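Notes follow the structure.
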Number of protein chains: 2
Amino acid sequence: MTVTARPAQETAAAPAHDRVYRALRTRIMHGEIAPGAALTLRGIGSEFAVSMTPAREAVRRLAAEGALFLSSSGRVTTPELTNERIEELAALRALLEVELASRALPRAHMALIDRLQTINSNVAEMVSKRDAVGYIRTNLEFHRTLYLRAQAPAMLAMAETVWLQLGPTMRALYGRLRRTDPPQNHRLIIAALKAGDEPGLRLAVRSDVTQGLRLLAG
Amino acid sequence: MTVTARPAQETAAAPAHDRVYRALRTRIMHGEIAPGAALTLRGIGSEFAVSMTPAREAVRRLAAEGALFLSSSGRVTTPELTNERIEELAALRALLEVELASRALPRAHMALIDRLQTINSNVAEMVSKRDAVGYIRTNLEFHRTLYLRAQAPAMLAMAETVWLQLGPTMRALYGRLRRTDPPQNHRLIIAALKAGDEPGLRLAVRSDVTQGLRLLAG
DNA sequence: CATACCGGCATGTGATCACAAATCCCGCCA
DNA sequence: TGGCGGGATTTGTGATCACATGCCGGTATG
């Protein structure tokens, strides 16, 4: 088939493997797939109406980012993380996101803070609706919006890779915990941004990032 | 063709795409390819006596790790980093490797320190021989040997990803700077390990990781 | 009733091919 | 002499196929 040249709308005319990659990536990052779930190349191919070739490329790419696990025989599943691995990834989030927030701080003007507050109200809504996927999505949007201001694309890419790896597990985790209180740490982050309080910001981000992942230790 | 089932020697019987991936990865990480150098799928395929399919998978995997750059039309080159990107990657190295070293410290016994000293003498030899690739290789071996003790595989994988991205640029950088003095920071690292001095270790690692990358700012 | 064997099916791997588009190079014209 | 157009070639993309292997059933046997 090759590229059918979208009549309009699309500016890039994305190749098939890229469309598949992006679709799967979003699904995994948002926790729409359970940990340990199996995928097949032919299954992916038929779902997106492509052959095995682009499906394979998308899967390889995701596996390289740690978003998928390839068994020794090549079978594809979402990763089932051990507690140790989860703690390590949480530590990575803390390390990377504290730095990103710190770099974003001097560039965070009122317009950005307003946007963060808007997003945060969406987060609160998702929490109250107990919409796990919606919560993960808006929560990541909150963090990404802040970190984009850091002007550090490589660092942001690494943070997103960690989110990807945690995706399926996040879903399982947030499904387990029944919370309806709004995200308190997000308010601390916004307050620290307003005050230009860097130590406070670092602490708030660290708490926000590690809070949800701690409860599995019990 | 498929797998020809190695008679012996190999424990894993690596698939073609994996062999290609590993070979290219080593080359790139060790700085054996110049920044901006072009690769072709057919070229890679014929070099490793495989078809385009495994070559493509290896390239995609490396591109996902940032080791290769794919132009919008799909052309494959090693990345040409801007100064900003190099500084960001150096900051990432500092962030990740300081943490890894810190986690390795409590587990660093004499046997490990001895091995580090042996590796370090190899580093010194490479420096005196002005062997850029050999220097990069032994230098990374020094760091990896230390960080393996941190028992943090995800964090180590991220650090290696950063090394990969810097590979081609490292070569160009170290080729430019004519140094023959042995690695002073490595000695500081070893001394801090012996003394169990965590702040000193963090500082030494940070200096070692950022030193070589600073000179481009001038 | 548990376990080991075995056959069929599902699945990943790699080769090959057709196609489109990007790139390159050479000659032409101003 | 320098820039530009156009055709040949290079190059990535995606589909399809043959094949080996691994997985999962049933069945027979202890």
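Chain lettering (A, B, ...) mirrors the order of the structure tokens, residue numbering begins at 1 for each chain separately, and ligand numbering begins at 1 in order of display.
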
Could you write out, as a PyMOL selection string, all the residues of range 61-183 of chain B that DSSP marks as helix (DSSP H, G or I)?
chain B and resi 61-64+83-107+110-128+132-148+153-176

Counting only C-alpha atoms (C1' of nucleotides), which residues from chain B have an atom at most 8 Å from any atom of chain D, and could you show them as a ChimeraX atom specification?
/B:2,40,73-75

Show me, as a count of residues only, the residues that have an atom within 6 Å of range 21-31 of chain B when counting only C-alpha atoms (C1' of nucleotides), minus same-chain residues fewer than 2 positions from it.
12

Near chain B, which residues of chain C fall within 12 Å when you count only C-alpha atoms (C1' of nucleotides), and what do they look like as a ChimeraX atom specification?
/C:12-16,20-23

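Using only C-alpha atoms, the chain A residues found within 7 Å of chain B amount to Glu57, Arg60, Arg61, Ala64, Glu65, Glu88, Leu92, Ala152, Ala154 and Met155 of chain A.
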
Atoms kept (N, CA and C atoms) for selection, written as a short mmCIF file (atom, residue, chain, number, x, y, z; two decimals), in the first residue's frame:
data_model
loop_
_atom_site.label_atom_id
_atom_site.label_comp_id
_atom_site.auth_asym_id
_atom_site.auth_seq_id
_atom_site.Cartn_x
_atom_site.Cartn_y
_atom_site.Cartn_z
N GLU A 57 7.93 -3.13 13.76
CA GLU A 57 8.78 -1.97 14.03
C GLU A 57 8.27 -1.18 15.22
N ARG A 60 9.13 -3.13 18.37
CA ARG A 60 10.56 -3.06 18.69
C ARG A 60 10.91 -1.72 19.32
N ARG A 61 10.34 -0.70 18.75
CA ARG A 61 10.63 0.64 19.26
C ARG A 61 10.15 0.78 20.69
N ALA A 64 12.32 -1.13 23.02
CA ALA A 64 13.58 -0.43 23.28
C ALA A 64 13.41 0.63 24.35
N GLU A 65 12.21 1.16 24.47
CA GLU A 65 11.94 2.19 25.48
C GLU A 65 11.49 1.59 26.80
N GLU A 88 12.69 1.73 41.92
CA GLU A 88 13.78 2.34 41.16
C GLU A 88 13.24 3.37 40.18
N LEU A 92 13.88 7.35 39.87
CA LEU A 92 14.25 8.04 38.63
C LEU A 92 13.33 9.22 38.36
N ALA A 152 14.40 21.48 28.14
CA ALA A 152 15.38 20.40 28.23
C ALA A 152 14.79 19.15 27.60
N ALA A 154 15.92 16.45 26.03
CA ALA A 154 16.46 15.12 26.31
C ALA A 154 16.01 14.65 27.68
N MET A 155 16.00 15.57 28.63
CA MET A 155 15.60 15.22 29.98
C MET A 155 14.12 14.88 30.03
#

For CA of Arg144 in chain B and CA of Leu156 in chain B, the interatomic separation in Å (one decimal):
7.9 Å

Which residue is closest to His109 in chain B? Choose from B:Arg187, B:Leu146, B:Leu203, B:Gly43 and count only C-alpha atoms.
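Of the candidates, the smallest distance to His109 in chain B is held by B:Leu146.
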
So which residues of range 52-175 of chain B fall under strand (DSSP E) by DSSP, listed as a list in words?
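Across range 52-175 of chain B, those assigned strand (DSSP E) are Phe69, Leu70, Val76 and Thr77 of chain B.
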
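You will find CA of Asn139 in chain B at 8.1 Å from CA of Ile119 in chain B.
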
How far is it from CA of Thr82 in chain A to CA of Ala13 in chain B, in Å with one decimal?
27.5 Å

Extract, using only C-alpha atoms (C1' of nucleotides), all DNA, RNA and protein residues at most 7 Å from Pro35 in chain B, discarding same-chain residues fewer than 6 positions from it, and format them as a PyMOL selection string.
chain B and resi 78-80+168-169

Find the residues near Ser102 in chain A: any atom within 12 Å, counting only C-alpha atoms (C1' of nucleotides), skip ones fewer than 6 places away on the same chain, and give them as a list in words.
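Near neighbours after the sequence-gap exclusion: Ala94, Leu95, Leu96, Ala108, Leu146, Tyr147, Leu148, Arg149, Ala150, Gln151, Ala152, Ile189, Ala192, Leu193, Gly196, Asp197, Glu198, Pro199, Gly200, Leu201, Arg202, Leu203, Ala204, Val205 and Arg206 of chain A.
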